[in-house]
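Asks: Please find one structure pasted underneath; my questions will follow.
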Amino acid sequence: MSPRPGALVALAATVCLAACSGPAQNAADTGASSAAPDPDTGVIVIDNARVFDGARDLGEVSLVIRDGLIELIAEAGANDLPEGAERIDHRGRFVIPGLVNDHAHVGNTRGTEHGDRFYTQDQVSADLRQFQAYGITTVASLGMNGSAFGEIRAAINADPMLGAQLYGAGGGVGTPDGAPPAANMGLSDDPVTRPADAEGARAAVRAQAESGVDLIKLWVDDLGGKSPQMTPEVYKAAIEEAHRHDLLVAAHIHDLVPAADLVASGVDIIAHGIRDQAIGAPLIDAMKAAGTGYIATLQIDEANYIYAEQADWLDTPFLRNALPASVRAQWSDAAWREKKLADPATQTHRDALAVNLANLSTLREAGVRIGFGTDAGALPHRVPGFAEHRELELMVDQAGFSPEQALVVATSAAAQLLRFDDRGLLQPGKRADFIVLSADPLADIRNTRSIEAVWQAGRKVAGPIADYDAQARD
């Protein structure tokens, strides 16, 4: 897209997109600072940057930042900007909002291992710093969060230097002996509540609401027939109780049939793509009528084989630097790659990705609400930071999105899906969370990887990306 000439001298702040009853409200409730301003920052002007604001290309403008927020967007070269401001000339640079991940996980992995023993503030912060370095400034951790979730969230959200802003679903609600599989996920002190009936589901949601979670996560999946599936009695009661507490409900699914019944039961977000069969008109119509959101997490299946298939990707710093040393070593092993590609499950994952891509394209064309997520951080091969840029690439190259459409999904639409009204858009009154790029992402979505700097709450917190190296995390 060519630059839009004549950027406005100032853009009016947008009207609140939803009642402040979602994660944005709970941040204040838990002592987290919405802007987390640095008292020493003062006023900053980003001059002459080409800005995509999360909805449209503004062309070259100047951003005025005060107290962690966008105060004004002015024409490039305007002579009435605040006197005494720190001026940063970004001519030839491209600015987009910080990415918002609606479905990720933190504190679950270290190196090639995973489990709830890693759910500590240090590990969660390390994960969030990696997300942040890759331009993801808001992360919703959908379940498997330990009992310290609220305390950790408040500490991290009060200081932008500790990583991306954290929100989430606490432990979440699952099924006895079902998803998420406690043994396979290393949940020795399982934080997931697993009610067996409607009464238990209501009690579980009430307890999580009282603990201050930002939304409710339900696991409704039989894991390919290997585990019991959450019953309609349980998930209907959980959804009803969550809505009584004004909490959104996101459901982990895989197949069309339970997804369709969840939409009919009032679920707010389908948190993984439907991957067993094509989505038809009845579900599309129901989702549009209800305003149901959809997060495809394309990477969730591709990540199971792509790093074995694309061995040369390890030679690229953008992926290599996101990997702890033990993961680099594993993926560099030819025997590991051969075994992974020979596994019959690999073809199953390829097939699932193909269906997911086709369904995402169908929903895009139909105008269904689409959010952004990757499931990064749940397992070692779901790589925080890299996964999000790969997700954008898949959306554009294989699901029919334009670069602009993909960036809208990953910024303003992703924020709106979780009821955030203070981020995802670079407009007056919004958080100054943004990425400075050296190349134009509207010309090529892969240019989101050209990260020179990441700003959060009006402070530079990371960058350039070439300086980041995850080896120290192992």
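Convention: chains lettered A, B, ... in structure tokens order; per-chain residue numbering from 1; ligands numbered from 1 as shown.
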Which polymer residues have any atom within 9 Å of an atom of Val124 in chain A, counting only C-alpha atoms, with same-chain residues fewer than 3 positions away left out, as a short mmCIF file (atom, residue, chain, number, x, y, z; two decimals) with C-alpha atoms, in the first residue's frame?

Replies:
```cif
data_model
loop_
_atom_site.label_atom_id
_atom_site.label_comp_id
_atom_site.auth_asym_id
_atom_site.auth_seq_id
_atom_site.Cartn_x
_atom_site.Cartn_y
_atom_site.Cartn_z
CA VAL A 106 3.93 -18.80 29.80
CA GLY A 107 5.92 -20.56 32.50
CA ASN A 108 5.50 -24.01 30.92
CA PHE A 118 8.65 -23.92 35.62
CA TYR A 119 5.78 -21.65 36.65
CA THR A 120 7.82 -19.05 38.54
CA GLN A 121 7.97 -15.30 38.16
CA ASP A 127 9.08 -15.87 28.42
CA LEU A 128 7.42 -12.46 28.28
CA ARG A 129 10.73 -10.72 27.57
CA ILE A 152 3.03 -12.54 38.86
CA ILE A 156 5.11 -7.82 35.51
CA GLY A 163 8.28 -8.23 29.59
#
```

Asks: Check which residues of range 42-128 of chain A sit at most 12 Å from range 205-217 of chain A using only C-alpha atoms, and return one row each with the closest pair of atoms and their distance in Å to one decimal, ordered by chain and rising number, as a Markdown table.

Replies:
```
| residue | atom | partner | partner_atom | distance |
| --- | --- | --- | --- | --- |
| A:Asp102 | CA | A:Leu215 | CA | 11.1 |
| A:His103 | CA | A:Lys217 | CA | 10.3 |
| A:Ala104 | CA | A:Lys217 | CA | 11.9 |
```

Asks: Could you give me, as number ranges by chain, the residues within 9 Å of range 430-444 of chain A, counting only C-alpha atoms and dropping anything in the same chain fewer than 6 positions from it?

Replies: A: 1-2, 13-14, 34-35, 49-50, 52, 57, 65-66, 68-71, 90, 92-99, 134-137, 402-404, 407, 421-424, 450-459, 463

Asks: One decimal, Å: what's the distance from CA of Ala133 in chain A over to CA of Pro317 in chain A, could you say?

Replies: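 Spanning CA of Ala133 in chain A to CA of Pro317 in chain A is a straight-line distance of 13.4 Å.
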
Asks: Could you check the closest approach to Val100 in chain A for each of A:Leu166, A:Ala183, A:Ala378, A:Ala85 and tell me which residue wins, using only C-alpha atoms?

Replies: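 For Val100 in chain A, the nearest of the given residues is A:Leu166.
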
Asks: Residues at most 9 Å from Leu218 in chain A, counting only C-alpha atoms, excluding those fewer than 2 positions away in the same chain, as number ranges by chain?

Replies: A: 143, 172-175, 216, 220, 230, 235, 238-239, 249-253

Asks: So, with only C-alpha atoms as the atoms that count, which of A:Gly371, A:Glu365, A:Arg320, A:Leu223 lies closest to Ile270 in chain A?

Replies: A:Gly371

Asks: I need the alpha helix (DSSP H) residues of range 78-327 of chain A per DSSP on the backbone, written as a PyMOL selection string.

Replies: chain A and resi 121-133+149-157+198-211+232-244+256-264+281-290+299-302+306-309+317-320+325-327
